[in-house]
Structures are given as C-alpha cells and as structure tokens.
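Enquirer: The structure follows.
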Amino acid sequence: MRMRGNWKVSRILLSPILFVFAGLAFALCQTAPPPPAKSVQSNNPPAAGAPSSEASKYVGAETCKTCHEDLYNSWEKTPHWKTTLNTKAGPSHQGCEGCHGPGAEHVAGGGDITKIFNPAKHSAKEVDAKCLTCHAGAHPNFDRSPHAKANVSCISCHSAHQSKEEENLLKVAQPTLCFQCHSDVKPAFNMPFHHKVNEGLITCSDCHDVHGTFLANNLKSTADQNAICTKCHTETRGPFVYEHVAVKAEGCLGCHTPHGSQNARLLNMPAIAPLCNQCHSGVANNNVHGMGAGSSETITCTNCHTNIHGSNMNAAFLR
C-alpha cells in the first residue's frame, strides 16, 4: 500500500513537468522558419520529346511528298532514301531536308522557292559544299580536283532523284557521261588499237578518280603508280629480279598511249626499235648489235630482249 501511494505522489509531481516540456516543444515548432521552397524549374525539366525551336523548322519527307509525289517516288528507290532511317543524326540529315534544308517556311509560304535550298538555283561551290557535308569522307580531294576548279558540280554528273545508274546515281552511264565534256578523248577509243571502253569492258573510273587526286588528269593514286595498269596486265606486274628502269621511272606511259593508238600494243611509235632508241640510242650502232641492225624493220630489239618489262633470269632481259 505504501508503494502504491508513492507512485501516485510521483505521478502527480511529474505531470506538470511533462506539461511544461510539451508546451516548449509546441512553441518551438510554431516559431521555426519554414523550409525553403524547392525550385519548380529544377524539379520539372522539359518533357522528353518536346520539340525544340530548331526541330520545329523541319516537316519531314512525307510532307514533301504531298506536293512532289513524282520526285519522291523516284527518290525513294535511291540510296539517299536510307537517310530517312537515320534518327540519330536528327532531322537536318534526314530525307528531303537533308539536302534541301528545313522546309517549314517553304510549306508555310505555299511552296516559296526562296525558302528552300534548290541546287539548280545555286552556284557549283554551294552545291558541292552541300553534298560534301555527307560525302567529304569518301571524296576528300574534290575541292582540289580539275572538275571542282572548272565549276563542274556534283549535280553535273549525278542525279539524286532520277538516276539512270543506281549504284553511283549517274545521270547517264559511262563513257557517254564523260564524253559530254571530254570530246577530245573520245576519238582515241575509235583508233585501231584501244582500251575497250566503248565496248563496256572497262570504264573511265577504272583508271581515273573523277573526284580528285594528287596526280595529273585525276589518275588514281596508288603506292606503285603502275598498278593502275598492272591490275589488269598482271603479266607485267613483277616484282622482277632485274627491273627495267624505264618502267619504274617513267611508268607505262613512257612507251604506251593509254586511250588508243594506231600502233599495235598502244605503243607511242609505230616500230619498236625507234621507241627503244629514244633511250638506248648508242646501243644500236655498236658491234654487238650489228651496225644498226637494231634499227631495221626486220630485226627488232624484242627479237632478243623478250622480257622488256623485267626479268628474273637476265639483266639484259634476254630469252
């Protein structure tokens, strides 16, 4: 009984103290400043997929099709159509607008041609710059090529919409396309001896890089420059133990005319002996060669010096 009485006394004494502490806590809560409000801007970023001002300038190829259906249907069959699938690069590299620029203002203006890039209305330099935004990696030397310097633009040879040659989008097939400008070369392929270009066996671009090289006449550049010829004429390729210096120094063109010739084997001269004597003029008149026998029409240099492109057996290229 005594313990119960002590507990009642203790509870009576503690109640006021607890009441005081509760009051202090309530007062502190009322007087404490409210926490700073969180920035709405930082917690609410722009919704993903919301169109930016730049993206809103593009309307998409399907919109272009509504007015240019014929062009679209033919363009759809070309490799350029694949750009419509290039979602990573953005609308500036997709479809019609990848070449013609953003079309929103063009559409809003009822087809205003001043609001779109029309290659036919721009200079060759501007057209080339537009094409090279995608093709500079494949044709890094075009700006220094004779074609570019002569203002022959990409669309002079290529048609992005209605190409006759699907592989390279050429307006017409080689060599007809090349002969439109290079009419001085065309007669050479009608000579008695010529490379089979007119027959379709080889093309101009087999030997020439029309988009520019560091060599004259847009010849393709290789580690061994004779490889342009020896890729087909494999029997002259070598390497040989004994090399004909002229082949390494002047190359094939020292003796041969590449497009066509009235001489057999496309030689620069009608007879072999005079051709050889351009370099070996002192040899034909010595005793070994019979006092000019090397210059006769019946006995030629190649009667004995058969491997004139190089030999693995004899330094004089003998049999």
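All residue names refer to the structure tokens as shown: chains lettered A, B, ... in order, residues numbered from 1 in each chain, ligands numbered from 1 in order.
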Mind running range 177-274 of chain A against range 138-159 of chain A at 7 Å and telling me each contacting residue's nearest atom pair with the distance in Å (one decimal), counting only C-alpha atoms, chain and number ascending, as a Markdown table?
Expert:
| residue | atom | partner | partner_atom | distance |
| --- | --- | --- | --- | --- |
| A:His211 | CA | A:Phe142 | CA | 4.8 |
| A:Gly212 | CA | A:Ser145 | CA | 4.2 |
| A:Thr213 | CA | A:Asn141 | CA | 6.0 |
Enquirer: Tell me, as number ranges by chain, which residues lie within 9 Å of Pro79 in chain A, counting only C-alpha atoms; anything in the same chain fewer than 6 positions away does not count.
Expert: A: 160, 166-167, 169
Enquirer: Would you put the residues from that selection into a file with N, CA and C atoms, as a tab-separated table (two decimals), in the first residue's frame?
Expert:
chain	number	residue	atom	x	y	z
A	160	ALA	N	20.18	13.05	-107.92
A	160	ALA	CA	19.74	12.47	-106.64
A	160	ALA	C	18.33	11.91	-106.72
A	166	GLU	N	21.89	3.27	-110.84
A	166	GLU	CA	21.54	3.23	-109.43
A	166	GLU	C	22.75	3.24	-108.50
A	167	GLU	N	23.83	2.60	-108.90
A	167	GLU	CA	24.97	2.44	-108.00
A	167	GLU	C	25.58	3.78	-107.61
A	169	LEU	N	24.35	6.87	-108.90
A	169	LEU	CA	23.40	7.93	-109.20
A	169	LEU	C	23.84	8.81	-110.37
Enquirer: Please provide as a PDB file with all heavy atoms, in the first residue's frame all residues within 12 Å of Lys196 in chain A, with the sequence filter that same-chain residues fewer than 6 positions apart are discarded (counting only C-alpha atoms).
Expert:
ATOM      1  N   PRO A 175      30.837   5.457-120.933  1.00  0.00           N
ATOM      2  CA  PRO A 175      31.618   6.687-121.033  1.00  0.00           C
ATOM      3  C   PRO A 175      30.830   7.863-121.600  1.00  0.00           C
ATOM      4  O   PRO A 175      31.368   8.948-121.754  1.00  0.00           O
ATOM      5  CB  PRO A 175      32.726   6.284-121.995  1.00  0.00           C
ATOM      6  CG  PRO A 175      32.056   5.337-122.938  1.00  0.00           C
ATOM      7  CD  PRO A 175      31.079   4.566-122.099  1.00  0.00           C
ATOM      8  N   ALA A 188      40.014   8.804-129.536  1.00  0.00           N
ATOM      9  CA  ALA A 188      41.088   7.848-129.280  1.00  0.00           C
ATOM     10  C   ALA A 188      40.552   6.432-129.121  1.00  0.00           C
ATOM     11  O   ALA A 188      41.238   5.456-129.457  1.00  0.00           O
ATOM     12  CB  ALA A 188      41.862   8.257-128.027  1.00  0.00           C
ATOM     13  N   PHE A 189      39.329   6.313-128.643  1.00  0.00           N
ATOM     14  CA  PHE A 189      38.761   4.987-128.433  1.00  0.00           C
ATOM     15  C   PHE A 189      38.179   4.400-129.717  1.00  0.00           C
ATOM     16  O   PHE A 189      37.623   3.304-129.710  1.00  0.00           O
ATOM     17  CB  PHE A 189      37.691   5.047-127.331  1.00  0.00           C
ATOM     18  CG  PHE A 189      38.262   5.388-125.985  1.00  0.00           C
ATOM     19  CD1 PHE A 189      38.108   6.659-125.457  1.00  0.00           C
ATOM     20  CD2 PHE A 189      38.973   4.445-125.262  1.00  0.00           C
ATOM     21  CE1 PHE A 189      38.643   6.982-124.217  1.00  0.00           C
ATOM     22  CE2 PHE A 189      39.500   4.755-124.021  1.00  0.00           C
ATOM     23  CZ  PHE A 189      39.345   6.020-123.494  1.00  0.00           C
ATOM     24  N   ASN A 190      38.307   5.142-130.809  1.00  0.00           N
ATOM     25  CA  ASN A 190      37.935   4.615-132.116  1.00  0.00           C
ATOM     26  C   ASN A 190      39.162   4.246-132.943  1.00  0.00           C
ATOM     27  O   ASN A 190      39.016   3.858-134.115  1.00  0.00           O
ATOM     28  CB  ASN A 190      37.104   5.659-132.884  1.00  0.00           C
ATOM     29  CG  ASN A 190      35.755   5.915-132.238  1.00  0.00           C
ATOM     30  OD1 ASN A 190      35.103   5.002-131.751  1.00  0.00           O
ATOM     31  ND2 ASN A 190      35.323   7.172-132.247  1.00  0.00           N
ATOM     32  N   ILE A 202      35.828  -1.905-119.823  1.00  0.00           N
ATOM     33  CA  ILE A 202      36.336  -1.098-118.717  1.00  0.00           C
ATOM     34  C   ILE A 202      35.661   0.274-118.778  1.00  0.00           C
ATOM     35  O   ILE A 202      35.049   0.629-119.790  1.00  0.00           O
ATOM     36  CB  ILE A 202      37.878  -0.934-118.753  1.00  0.00           C
ATOM     37  CG1 ILE A 202      38.316  -0.207-120.023  1.00  0.00           C
ATOM     38  CG2 ILE A 202      38.581  -2.264-118.632  1.00  0.00           C
ATOM     39  CD1 ILE A 202      39.809   0.106-120.046  1.00  0.00           C
ATOM     40  N   THR A 203      35.794   1.031-117.707  1.00  0.00           N
ATOM     41  CA  THR A 203      35.189   2.364-117.649  1.00  0.00           C
ATOM     42  C   THR A 203      36.265   3.397-117.356  1.00  0.00           C
ATOM     43  O   THR A 203      37.379   3.062-116.920  1.00  0.00           O
ATOM     44  CB  THR A 203      34.111   2.443-116.566  1.00  0.00           C
ATOM     45  OG1 THR A 203      34.728   2.262-115.280  1.00  0.00           O
ATOM     46  CG2 THR A 203      33.048   1.381-116.769  1.00  0.00           C
ATOM     47  N   CYS A 204      35.927   4.649-117.551  1.00  0.00           N
ATOM     48  CA  CYS A 204      36.862   5.738-117.275  1.00  0.00           C
ATOM     49  C   CYS A 204      37.296   5.722-115.805  1.00  0.00           C
ATOM     50  O   CYS A 204      38.460   5.966-115.483  1.00  0.00           O
ATOM     51  CB  CYS A 204      36.220   7.085-117.597  1.00  0.00           C
ATOM     52  SG  CYS A 204      35.596   7.217-119.290  1.00  0.00           S
ATOM     53  N   ASP A 206      37.786   3.321-113.898  1.00  0.00           N
ATOM     54  CA  ASP A 206      38.722   2.255-113.539  1.00  0.00           C
ATOM     55  C   ASP A 206      40.139   2.800-113.408  1.00  0.00           C
ATOM     56  O   ASP A 206      40.944   2.274-112.644  1.00  0.00           O
ATOM     57  CB  ASP A 206      38.706   1.140-114.591  1.00  0.00           C
ATOM     58  CG  ASP A 206      37.458   0.279-114.501  1.00  0.00           C
ATOM     59  OD1 ASP A 206      36.913   0.149-113.387  1.00  0.00           O
ATOM     60  OD2 ASP A 206      37.019  -0.258-115.545  1.00  0.00           O
ATOM     61  N   PRO A 258      47.617   5.409-123.424  1.00  0.00           N
ATOM     62  CA  PRO A 258      46.600   4.640-122.689  1.00  0.00           C
ATOM     63  C   PRO A 258      45.224   4.544-123.341  1.00  0.00           C
ATOM     64  O   PRO A 258      44.564   3.516-123.227  1.00  0.00           O
ATOM     65  CB  PRO A 258      46.514   5.380-121.350  1.00  0.00           C
ATOM     66  CG  PRO A 258      46.952   6.770-121.665  1.00  0.00           C
ATOM     67  CD  PRO A 258      47.979   6.654-122.729  1.00  0.00           C
ATOM     68  N   HIS A 259      44.757   5.597-124.029  1.00  0.00           N
ATOM     69  CA  HIS A 259      43.381   5.563-124.523  1.00  0.00           C
ATOM     70  C   HIS A 259      43.267   4.786-125.834  1.00  0.00           C
ATOM     71  O   HIS A 259      42.408   3.913-125.961  1.00  0.00           O
ATOM     72  CB  HIS A 259      42.862   6.989-124.708  1.00  0.00           C
ATOM     73  CG  HIS A 259      42.716   7.733-123.424  1.00  0.00           C
ATOM     74  ND1 HIS A 259      43.140   9.041-123.269  1.00  0.00           N
ATOM     75  CD2 HIS A 259      42.200   7.363-122.222  1.00  0.00           C
ATOM     76  CE1 HIS A 259      42.888   9.434-122.024  1.00  0.00           C
ATOM     77  NE2 HIS A 259      42.326   8.442-121.380  1.00  0.00           N
ATOM     78  N   GLY A 260      44.079   5.112-126.781  1.00  0.00           N
ATOM     79  CA  GLY A 260      44.035   4.423-128.067  1.00  0.00           C
ATOM     80  C   GLY A 260      45.181   4.869-128.949  1.00  0.00           C
ATOM     81  O   GLY A 260      45.738   5.956-128.756  1.00  0.00           O
TER      82      GLY A 260
END
Enquirer: From the list A:Ser56, A:Thr302, A:Thr257, A:Asn307, which residue is nearest Ser92 in chain A when using only C-alpha atoms?
Expert: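 Comparing A:Ser56, A:Thr302, A:Thr257, A:Asn307 against Ser92 in chain A, the winner is A:Ser56.
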Enquirer: Neighbouring residues of Thr222 in chain A were defined as those with any atom within 12 Å, considering only C-alpha atoms; residues of the same chain fewer than 5 positions away were excluded. Please report them as a list of chain:residue names.
Expert: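 Residues meeting the cut-off are A:Cys207, A:His208, A:Asp209, A:Thr213, A:Phe214, A:Leu215, A:Ala227, A:Ile228, A:Cys229, A:Thr230, A:Lys231.
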Enquirer: When you look at Lys130 in chain A with a cut-off of 10 Å (counting only C-alpha atoms), what residues show up, excluding the ones that are within fewer than 6 positions of it in the same chain? I need them as an mmCIF file with N, CA, C and O atoms, in the first residue's frame.
Expert:
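Result written to selection.cif:
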data_model
loop_
_atom_site.group_PDB
_atom_site.id
_atom_site.type_symbol
_atom_site.label_atom_id
_atom_site.label_comp_id
_atom_site.auth_asym_id
_atom_site.auth_seq_id
_atom_site.Cartn_x
_atom_site.Cartn_y
_atom_site.Cartn_z
ATOM 1 N N GLY A 98 17.499 16.781 -95.689
ATOM 2 C CA GLY A 98 18.934 16.578 -95.534
ATOM 3 C C GLY A 98 19.727 17.285 -96.621
ATOM 4 O O GLY A 98 20.866 17.697 -96.404
ATOM 5 N N CYS A 99 19.133 17.444 -97.797
ATOM 6 C CA CYS A 99 19.777 18.148 -98.908
ATOM 7 C C CYS A 99 19.196 19.542 -99.135
ATOM 8 O O CYS A 99 19.927 20.470 -99.475
ATOM 9 N N HIS A 100 17.899 19.679 -98.960
ATOM 10 C CA HIS A 100 17.221 20.934 -99.300
ATOM 11 C C HIS A 100 17.039 21.873 -98.114
ATOM 12 O O HIS A 100 16.541 22.985 -98.293
ATOM 13 N N GLY A 101 17.419 21.444 -96.921
ATOM 14 C CA GLY A 101 17.282 22.300 -95.757
ATOM 15 C C GLY A 101 15.884 22.232 -95.160
ATOM 16 O O GLY A 101 14.986 21.585 -95.707
ATOM 17 N N PHE A 117 16.466 25.176 -100.175
ATOM 18 C CA PHE A 117 17.711 25.102 -100.963
ATOM 19 C C PHE A 117 17.442 24.310 -102.232
ATOM 20 O O PHE A 117 17.221 23.100 -102.194
ATOM 21 N N PRO A 119 19.269 23.214 -105.547
ATOM 22 C CA PRO A 119 20.598 23.183 -106.169
ATOM 23 C C PRO A 119 20.644 23.850 -107.539
ATOM 24 O O PRO A 119 21.667 24.437 -107.907
ATOM 25 N N ALA A 124 27.929 26.284 -108.246
ATOM 26 C CA ALA A 124 28.556 24.968 -108.137
ATOM 27 C C ALA A 124 29.227 24.793 -106.785
ATOM 28 O O ALA A 124 29.157 23.714 -106.181
ATOM 29 N N ALA A 136 32.148 14.074 -97.716
ATOM 30 C CA ALA A 136 33.543 14.545 -97.643
ATOM 31 C C ALA A 136 34.493 13.405 -97.301
ATOM 32 O O ALA A 136 35.635 13.373 -97.772
ATOM 33 N N CYS A 154 28.572 18.556 -108.380
ATOM 34 C CA CYS A 154 28.111 17.173 -108.189
ATOM 35 C C CYS A 154 26.905 16.862 -109.067
ATOM 36 O O CYS A 154 26.806 15.783 -109.661
#
Enquirer: A:Cys232, A:Val59, A:Cys134, A:Ala249: which is nearest His195 in chain A, counting only C-alpha atoms?
Expert: A:Cys232
Enquirer: Near His244 in chain A, counting only C-alpha atoms, which residues have an atom at most 10 Å away, once you skip same-chain residues fewer than 2 positions from it, shown as a list of chain:residue names?
Expert: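 My list of contacting residues is A:Phe240, A:Val241, A:Tyr242, A:Ala246, A:Val247, A:Lys248, A:Ala249, A:Gly251, A:Asn307, A:Ile308, A:His309, A:Gly310, A:Ser311, A:Ala315, A:Ala316, A:Phe317.
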Enquirer: May I have all residues of range 118-166 of chain A that DSSP, computed from the backbone, assigns to alpha helix (DSSP H), given as a ChimeraX atom specification?
Expert: /A:124-135,146-149,154-157
Enquirer: What does the file look like for those residues with N, CA and C atoms, as a short mmCIF file (atom, residue, chain, number, x, y, z; two decimals), in the first residue's frame?
Expert:
data_model
loop_
_atom_site.label_atom_id
_atom_site.label_comp_id
_atom_site.auth_asym_id
_atom_site.auth_seq_id
_atom_site.Cartn_x
_atom_site.Cartn_y
_atom_site.Cartn_z
N ALA A 124 27.93 26.28 -108.25
CA ALA A 124 28.56 24.97 -108.14
C ALA A 124 29.23 24.79 -106.79
N LYS A 125 29.87 25.83 -106.28
CA LYS A 125 30.55 25.75 -104.98
C LYS A 125 29.55 25.48 -103.86
N GLU A 126 28.41 26.13 -103.92
CA GLU A 126 27.39 25.94 -102.89
C GLU A 126 26.81 24.53 -102.95
N VAL A 127 26.60 24.04 -104.15
CA VAL A 127 26.07 22.68 -104.31
C VAL A 127 27.08 21.66 -103.79
N ASP A 128 28.36 21.85 -104.17
CA ASP A 128 29.39 20.92 -103.71
C ASP A 128 29.50 20.92 -102.20
N ALA A 129 29.42 22.09 -101.59
CA ALA A 129 29.52 22.18 -100.13
C ALA A 129 28.36 21.43 -99.47
N LYS A 130 27.19 21.52 -100.07
CA LYS A 130 26.03 20.82 -99.52
C LYS A 130 26.23 19.31 -99.60
N CYS A 131 26.69 18.81 -100.72
CA CYS A 131 26.89 17.36 -100.89
C CYS A 131 28.03 16.85 -100.00
N LEU A 132 29.07 17.65 -99.85
CA LEU A 132 30.23 17.22 -99.07
C LEU A 132 29.97 17.21 -97.57
N THR A 133 28.86 17.76 -97.12
CA THR A 133 28.55 17.65 -95.69
C THR A 133 28.38 16.18 -95.31
N CYS A 134 27.99 15.35 -96.27
CA CYS A 134 27.87 13.91 -96.01
C CYS A 134 28.98 13.10 -96.69
N HIS A 135 29.43 13.57 -97.87
CA HIS A 135 30.33 12.76 -98.70
C HIS A 135 31.79 13.20 -98.64
N PRO A 146 40.33 19.00 -110.83
CA PRO A 146 40.04 19.83 -112.01
C PRO A 146 38.55 20.05 -112.22
N HIS A 147 37.74 19.08 -111.86
CA HIS A 147 36.29 19.25 -112.01
C HIS A 147 35.78 20.39 -111.14
N ALA A 148 36.17 20.40 -109.88
CA ALA A 148 35.71 21.45 -108.98
C ALA A 148 36.21 22.82 -109.43
N LYS A 149 37.47 22.88 -109.87
CA LYS A 149 38.04 24.15 -110.31
C LYS A 149 37.37 24.67 -111.58
N CYS A 154 28.57 18.56 -108.38
CA CYS A 154 28.11 17.17 -108.19
C CYS A 154 26.90 16.86 -109.07
N ILE A 155 25.98 17.82 -109.18
CA ILE A 155 24.75 17.56 -109.94
C ILE A 155 24.98 17.67 -111.45
N SER A 156 26.21 18.01 -111.86
CA SER A 156 26.51 17.97 -113.29
C SER A 156 26.59 16.53 -113.78
N CYS A 157 26.96 15.64 -112.87
CA CYS A 157 27.12 14.23 -113.23
C CYS A 157 26.11 13.32 -112.52
#
Enquirer: Using only C-alpha atoms, find the one residue out of A:Leu267, A:Cys304, A:Val197, A:Asn312 that sits nearest to Cys178 in chain A.
Expert: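 That would be A:Val197, the residue with the smallest distance to Cys178 in chain A.
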